[in-house]
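Listing of structure-v9.cif; format and content: mmCIF, C-alpha atoms.
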data_final
#
loop_
_atom_site.group_PDB
_atom_site.id
_atom_site.type_symbol
_atom_site.label_atom_id
_atom_site.label_comp_id
_atom_site.auth_asym_id
_atom_site.auth_seq_id
_atom_site.Cartn_x
_atom_site.Cartn_y
_atom_site.Cartn_z
ATOM 1 C CA MET A 13 88.934 18.085 -131.513
ATOM 2 C CA ALA A 14 90.874 18.151 -128.236
ATOM 3 C CA SER A 15 88.973 21.192 -127.013
ATOM 4 C CA LEU A 16 85.657 19.505 -127.818
ATOM 5 C CA ILE A 17 86.665 16.441 -125.783
ATOM 6 C CA GLU A 18 87.836 18.654 -122.910
ATOM 7 C CA ASN A 19 84.514 20.518 -123.052
ATOM 8 C CA LEU A 20 82.637 17.207 -123.000
ATOM 9 C CA ILE A 21 84.609 15.963 -119.984
ATOM 10 C CA THR A 22 83.975 19.262 -118.162
ATOM 11 C CA GLU A 23 80.255 19.164 -118.987
ATOM 12 C CA LEU A 24 79.955 15.550 -117.830
ATOM 13 C CA ASN A 25 81.753 16.359 -114.553
ATOM 14 C CA GLU A 26 79.358 19.255 -113.955
ATOM 15 C CA GLU A 27 76.417 16.984 -114.750
ATOM 16 C CA TYR A 28 77.764 14.415 -112.287
ATOM 17 C CA ALA A 29 77.920 17.064 -109.537
ATOM 18 C CA VAL A 30 74.254 17.946 -110.150
ATOM 19 C CA TYR A 31 73.308 14.252 -110.137
ATOM 20 C CA GLU A 32 75.055 13.855 -106.769
ATOM 21 C CA ALA A 33 73.006 16.731 -105.383
ATOM 22 C CA LEU A 34 69.844 15.241 -106.895
ATOM 23 C CA LEU A 35 70.615 11.872 -105.296
ATOM 24 C CA SER A 36 71.033 13.575 -101.924
ATOM 25 C CA VAL A 37 67.687 15.350 -102.335
ATOM 26 C CA SER A 38 66.011 12.091 -103.398
ATOM 27 C CA MET A 39 67.286 10.400 -100.250
ATOM 28 C CA GLU A 40 65.977 13.333 -98.209
ATOM 29 C CA LYS A 41 62.656 12.772 -99.970
ATOM 30 C CA THR A 42 62.637 9.182 -98.689
ATOM 31 C CA SER A 43 62.881 10.343 -95.088
ATOM 32 C CA ALA A 44 60.141 12.936 -95.672
ATOM 33 C CA ILE A 45 57.838 10.237 -97.071
ATOM 34 C CA VAL A 46 58.545 7.885 -94.165
ATOM 35 C CA ALA A 47 57.980 10.685 -91.634
ATOM 36 C CA ASN A 48 54.766 11.648 -93.444
ATOM 37 C CA ASP A 49 55.961 15.268 -93.381
ATOM 38 C CA LEU A 50 54.009 16.824 -96.254
ATOM 39 C CA ASP A 51 55.534 20.296 -95.923
ATOM 40 C CA ARG A 52 59.061 18.919 -96.071
ATOM 41 C CA LEU A 53 58.063 16.610 -98.935
ATOM 42 C CA ARG A 54 56.745 19.585 -100.904
ATOM 43 C CA ALA A 55 59.969 21.541 -100.302
ATOM 44 C CA VAL A 56 62.135 18.569 -101.272
ATOM 45 C CA THR A 57 60.083 17.994 -104.417
ATOM 46 C CA ASP A 58 60.576 21.643 -105.387
ATOM 47 C CA LYS A 59 64.360 21.268 -104.911
ATOM 48 C CA GLU A 60 64.293 18.073 -106.923
ATOM 49 C CA GLN A 61 62.445 19.802 -109.768
ATOM 50 C CA ALA A 62 65.017 22.619 -109.797
ATOM 51 C CA PHE A 63 67.814 20.059 -110.220
ATOM 52 C CA VAL A 64 65.899 18.317 -112.998
ATOM 53 C CA ASP A 65 65.467 21.650 -114.791
ATOM 54 C CA THR A 66 69.213 22.308 -114.444
ATOM 55 C CA LEU A 67 70.001 18.851 -115.802
ATOM 56 C CA THR A 68 67.728 19.433 -118.783
ATOM 57 C CA GLY A 69 69.731 22.527 -119.741
ATOM 58 C CA MET A 70 73.011 20.689 -119.214
ATOM 59 C CA ASP A 71 71.764 17.799 -121.311
ATOM 60 C CA ASN A 72 71.030 20.140 -124.212
ATOM 61 C CA THR A 73 74.537 21.613 -123.980
ATOM 62 C CA ARG A 74 76.094 18.145 -123.845
ATOM 63 C CA ARG A 75 74.059 16.993 -126.844
ATOM 64 C CA GLN A 76 75.319 19.986 -128.822
ATOM 65 C CA THR A 77 78.919 19.163 -127.895
ATOM 66 C CA MET A 78 78.342 15.526 -128.849
ATOM 67 C CA ALA A 79 76.890 16.621 -132.209
ATOM 68 C CA ASN A 80 79.992 18.759 -132.806
ATOM 69 C CA ILE A 81 82.262 15.821 -131.994
ATOM 70 C CA ALA A 82 80.235 13.583 -134.308
ATOM 71 C CA SER A 83 80.580 16.173 -137.062
ATOM 72 C CA VAL A 84 84.378 16.293 -136.648
ATOM 73 C CA LEU A 85 84.538 12.484 -136.682
ATOM 74 C CA ASN A 86 82.163 12.207 -139.664
ATOM 75 C CA ARG A 87 79.894 9.957 -137.614
ATOM 76 C CA LYS A 88 76.172 9.816 -136.961
ATOM 77 C CA THR A 89 74.771 12.639 -134.865
ATOM 78 C CA ASP A 90 73.423 10.393 -132.080
ATOM 79 C CA LEU A 91 76.898 9.389 -130.954
ATOM 80 C CA LYS A 92 77.222 7.884 -127.474
ATOM 81 C CA VAL A 93 79.919 8.689 -124.928
ATOM 82 C CA SER A 94 80.992 5.033 -124.903
ATOM 83 C CA GLU A 95 81.617 5.241 -128.668
ATOM 84 C CA ILE A 96 83.819 8.305 -128.152
ATOM 85 C CA VAL A 97 85.677 6.437 -125.392
ATOM 86 C CA GLU A 98 86.356 3.589 -127.863
ATOM 87 C CA PHE A 99 87.525 6.084 -130.491
ATOM 88 C CA LEU A 100 89.963 7.664 -128.016
ATOM 89 C CA GLU A 101 91.588 4.319 -127.144
ATOM 90 C CA GLY A 102 95.063 5.546 -128.165
ATOM 91 C CA GLN A 103 94.848 8.853 -126.289
ATOM 92 C CA PRO A 104 94.972 8.031 -122.554
ATOM 93 C CA GLU A 105 94.764 11.667 -121.378
ATOM 94 C CA PHE A 106 91.256 11.917 -122.827
ATOM 95 C CA HIS A 107 90.255 8.244 -122.894
ATOM 96 C CA ASP A 108 90.790 7.580 -119.195
ATOM 97 C CA ALA A 109 89.080 10.750 -117.973
ATOM 98 C CA LEU A 110 86.112 10.249 -120.295
ATOM 99 C CA ALA A 111 85.781 6.553 -119.420
ATOM 100 C CA GLU A 112 85.932 7.360 -115.703
ATOM 101 C CA ILE A 113 83.234 10.052 -115.776
ATOM 102 C CA ASN A 114 81.059 7.888 -118.035
ATOM 103 C CA GLU A 115 81.245 5.033 -115.506
ATOM 104 C CA LYS A 116 80.565 7.384 -112.576
ATOM 105 C CA LEU A 117 77.490 8.776 -114.347
ATOM 106 C CA ALA A 118 76.221 5.271 -115.074
ATOM 107 C CA LYS A 119 76.639 4.248 -111.410
ATOM 108 C CA ILE A 120 74.927 7.327 -110.003
ATOM 109 C CA GLY A 121 72.139 6.937 -112.579
ATOM 110 C CA ARG A 122 71.497 3.374 -111.389
ATOM 111 C CA ARG A 123 71.566 4.473 -107.737
ATOM 112 C CA LEU A 124 69.158 7.333 -108.458
ATOM 113 C CA LYS A 125 66.841 4.925 -110.234
ATOM 114 C CA GLU A 126 66.866 2.607 -107.189
ATOM 115 C CA VAL A 127 66.102 5.447 -104.760
ATOM 116 C CA ASN A 128 63.286 6.741 -106.978
ATOM 117 C CA ALA A 129 61.789 3.242 -107.273
ATOM 118 C CA HIS A 130 61.934 2.925 -103.471
ATOM 119 C CA ASN A 131 60.260 6.333 -103.057
ATOM 120 C CA GLN A 132 57.565 5.330 -105.530
ATOM 121 C CA ASN A 133 56.876 2.132 -103.587
ATOM 122 C CA LEU A 134 56.644 4.079 -100.325
ATOM 123 C CA ILE A 135 54.204 6.552 -101.872
ATOM 124 C CA GLU A 136 52.077 3.740 -103.332
ATOM 125 C CA GLU A 137 51.961 2.001 -99.947
ATOM 126 C CA SER A 138 51.025 5.268 -98.272
ATOM 127 C CA LEU A 139 48.232 5.871 -100.783
ATOM 128 C CA SER A 140 47.022 2.319 -100.277
ATOM 129 C CA MET A 141 46.877 2.868 -96.528
ATOM 130 C CA ILE A 142 45.032 6.176 -97.009
ATOM 131 C CA THR A 143 42.495 4.474 -99.281
ATOM 132 C CA TYR A 144 42.033 1.719 -96.701
ATOM 133 C CA ASN A 145 41.463 4.286 -93.941
ATOM 134 C CA ILE A 146 38.956 6.231 -96.050
ATOM 135 C CA ASN A 147 37.033 3.045 -96.824
ATOM 136 C CA LEU A 148 37.094 2.067 -93.169
ATOM 137 C CA LEU A 149 35.742 5.450 -92.089
ATOM 138 C CA GLN A 150 33.029 5.382 -94.741
ATOM 139 C CA ASN A 151 31.933 1.909 -93.650
ATOM 140 C CA LEU A 152 31.739 2.942 -90.003
ATOM 141 C CA ASN A 153 28.977 5.381 -90.901
ATOM 142 C CA ARG A 154 26.884 2.772 -92.652
ATOM 143 C CA ALA A 155 24.364 0.526 -90.943
ATOM 144 C CA PRO A 156 25.560 -3.028 -90.618
ATOM 145 C CA GLU A 157 24.343 -5.292 -93.388
ATOM 146 C CA THR A 158 23.791 -8.499 -91.446
ATOM 147 C CA ALA A 159 21.218 -11.207 -91.862
ATOM 148 C CA GLU A 160 18.854 -10.669 -88.986
ATOM 149 C CA TYR A 161 15.927 -12.999 -88.484
ATOM 150 C CA THR A 162 12.662 -11.506 -87.338
ATOM 151 C CA ARG A 163 9.244 -12.925 -86.593
ATOM 152 C CA ASP A 164 7.866 -11.292 -89.715
ATOM 153 C CA MET A 165 10.146 -13.256 -92.045
ATOM 154 C CA PHE A 166 7.977 -16.359 -91.954
ATOM 155 C CA ARG A 167 4.280 -16.642 -92.642
ATOM 156 C CA GLY A 168 2.458 -19.627 -91.543
ATOM 157 C CA ALA A 169 4.000 -23.047 -91.189
ATOM 158 C CA GLY A 170 7.605 -22.618 -92.327
ATOM 159 C CA ARG A 171 7.073 -20.708 -95.537
ATOM 160 C CA TYR A 172 9.444 -17.854 -96.318
ATOM 161 C CA GLN A 173 7.651 -14.586 -96.977
ATOM 162 C CA GLY A 174 7.001 -14.211 -100.679
ATOM 163 C CA SER A 175 7.609 -17.849 -101.532
ATOM 164 C CA GLU A 176 4.638 -20.125 -102.009
ATOM 165 C CA THR A 177 6.607 -23.102 -103.387
ATOM 166 C CA ILE A 178 8.411 -24.238 -100.246
ATOM 167 C CA PRO A 179 6.489 -27.013 -98.561
ATOM 168 C CA ALA A 180 5.067 -26.306 -95.149
ATOM 169 C CA THR A 181 6.374 -29.560 -93.648
ATOM 170 C CA GLY A 182 10.035 -28.733 -94.050
ATOM 171 C CA SER A 183 10.871 -32.205 -95.428
ATOM 172 C CA PHE A 184 12.806 -32.902 -98.610
ATOM 173 C CA ASP A 185 12.762 -35.652 -101.235
ATOM 174 C CA THR A 186 15.359 -38.391 -101.314
ATOM 175 C CA LYS A 187 15.879 -41.386 -103.571
ATOM 176 C CA ASN A 188 15.911 -44.806 -102.039
#
Would you give me this structure, written as structure tokens?
Amino acid sequence: MASLIENLITELNEEYAVYEALLSVSMEKTSAIVANDLDRLRAVTDKEQAFVDTLTGMDNTRRQTMANIASVLNRKTDLKVSEIVEFLEGQPEFHDALAEINEKLAKIGRRLKEVNAHNQNLIEESLSMITYNINLLQNLNRAPETAEYTRDMFRGAGRYQGSETIPATGSFDTKN
């Protein structure tokens, strides 16, 4: 059991290191979006995807270790790290290290979520501005659609072309 817990702590520390690198890349992505540097954004996105792929592999390894720990403890297979921390309450050498890395992972996860939400908002604003500019350019090429009055609009004494029901005098009915 002790070796499984040590393996879990090691795996979580390695995961944390990758999350730190991913957070750094995500912050670099923010500056690329703001600078509107598409080449740099593409490169940063490729780096980000490589870290995500690495984390996916690490996650599978961690899940296997967690399943092994659950098996030893005769618990359900979808055991959480916080539940293992509670179980290890009387063993400070494992409890403290596991609780610390669990808290660090939670904090960096929240920070990464904030940065990604900010990047998403920046991208949405950029797309909105691009759409506005495209619409503006398309409308510049169109003829203006204004109401222009010409001499041909009216026939005769005040009647609008095509309408025979408007009286020629231009007066209206009122009640006294």
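Here CA of Glu40 in chain A is placed at a distance of 22.9 Å from CA of Asn25 in chain A.
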So that I can see what lies close to Lys125 in chain A, please list as a ChimeraX atom specification the residues with an atom at most 10 Å from it, counting only C-alpha atoms and leaving out residues fewer than 5 positions away in the same chain.
/A:35,38,119-120,130-131
Skipping near chain neighbours, those fewer than 3 positions away, what residues fall within 8 Å of Arg74 in chain A using all atoms listed in the file, listed as number ranges by chain?
A: 20, 23-24, 70-71, 77-78
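You will find CA of Met39 in chain A at 8.6 Å from CA of Asn128 in chain A.
Within the file as shown, the PyMOL selection byres ((chain A and resi 29) around 12) identifies Thr22, Glu23, Leu24, Asn25, Glu26, Glu27, Tyr28, Val30, Tyr31, Glu32, Ala33, Leu34, Leu35, Ser36, Phe63, Thr66, Leu67, Met70, Ile113, Lys116, Leu117 and Ile120 of chain A.
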First collect every listed atom of range 33-39 of chain A; then fit an axis-aligned box around them, widen it by 3 Å on each side, and give centre and edge lengths in Å to one decimal, as AutoDock Vina command-line options.
--center_x 69.5 --center_y 13.6 --center_z -103.6 --size_x 13.0 --size_y 12.3 --size_z 12.6
Decode the PyMOL selection byres ((chain A and resi 92) around 12) for the given file into explicit residues and return them as a count of residues only.
23
Which residues are near Val46 in chain A? Cut-off 10 Å, all atoms listed in the file, ignore same chain within fewer than 4 positions. Put them as number ranges by chain.
A: 41-42, 53, 131, 134-135, 138
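Considering all atoms listed in the file, the residue among A:Glu101, A:Arg52, A:Ala118, A:Ile45 positioned nearest to Asn133 in chain A is A:Ile45.
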Nearest to Val127 in chain A, restricted to all atoms listed in the file and choosing among A:Ala47, A:Val37, A:Val84, A:Ile17, comes out as A:Val37
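As for CA of Ser83 in chain A and CA of Ser15 in chain A, they are spaced 14.0 Å apart.
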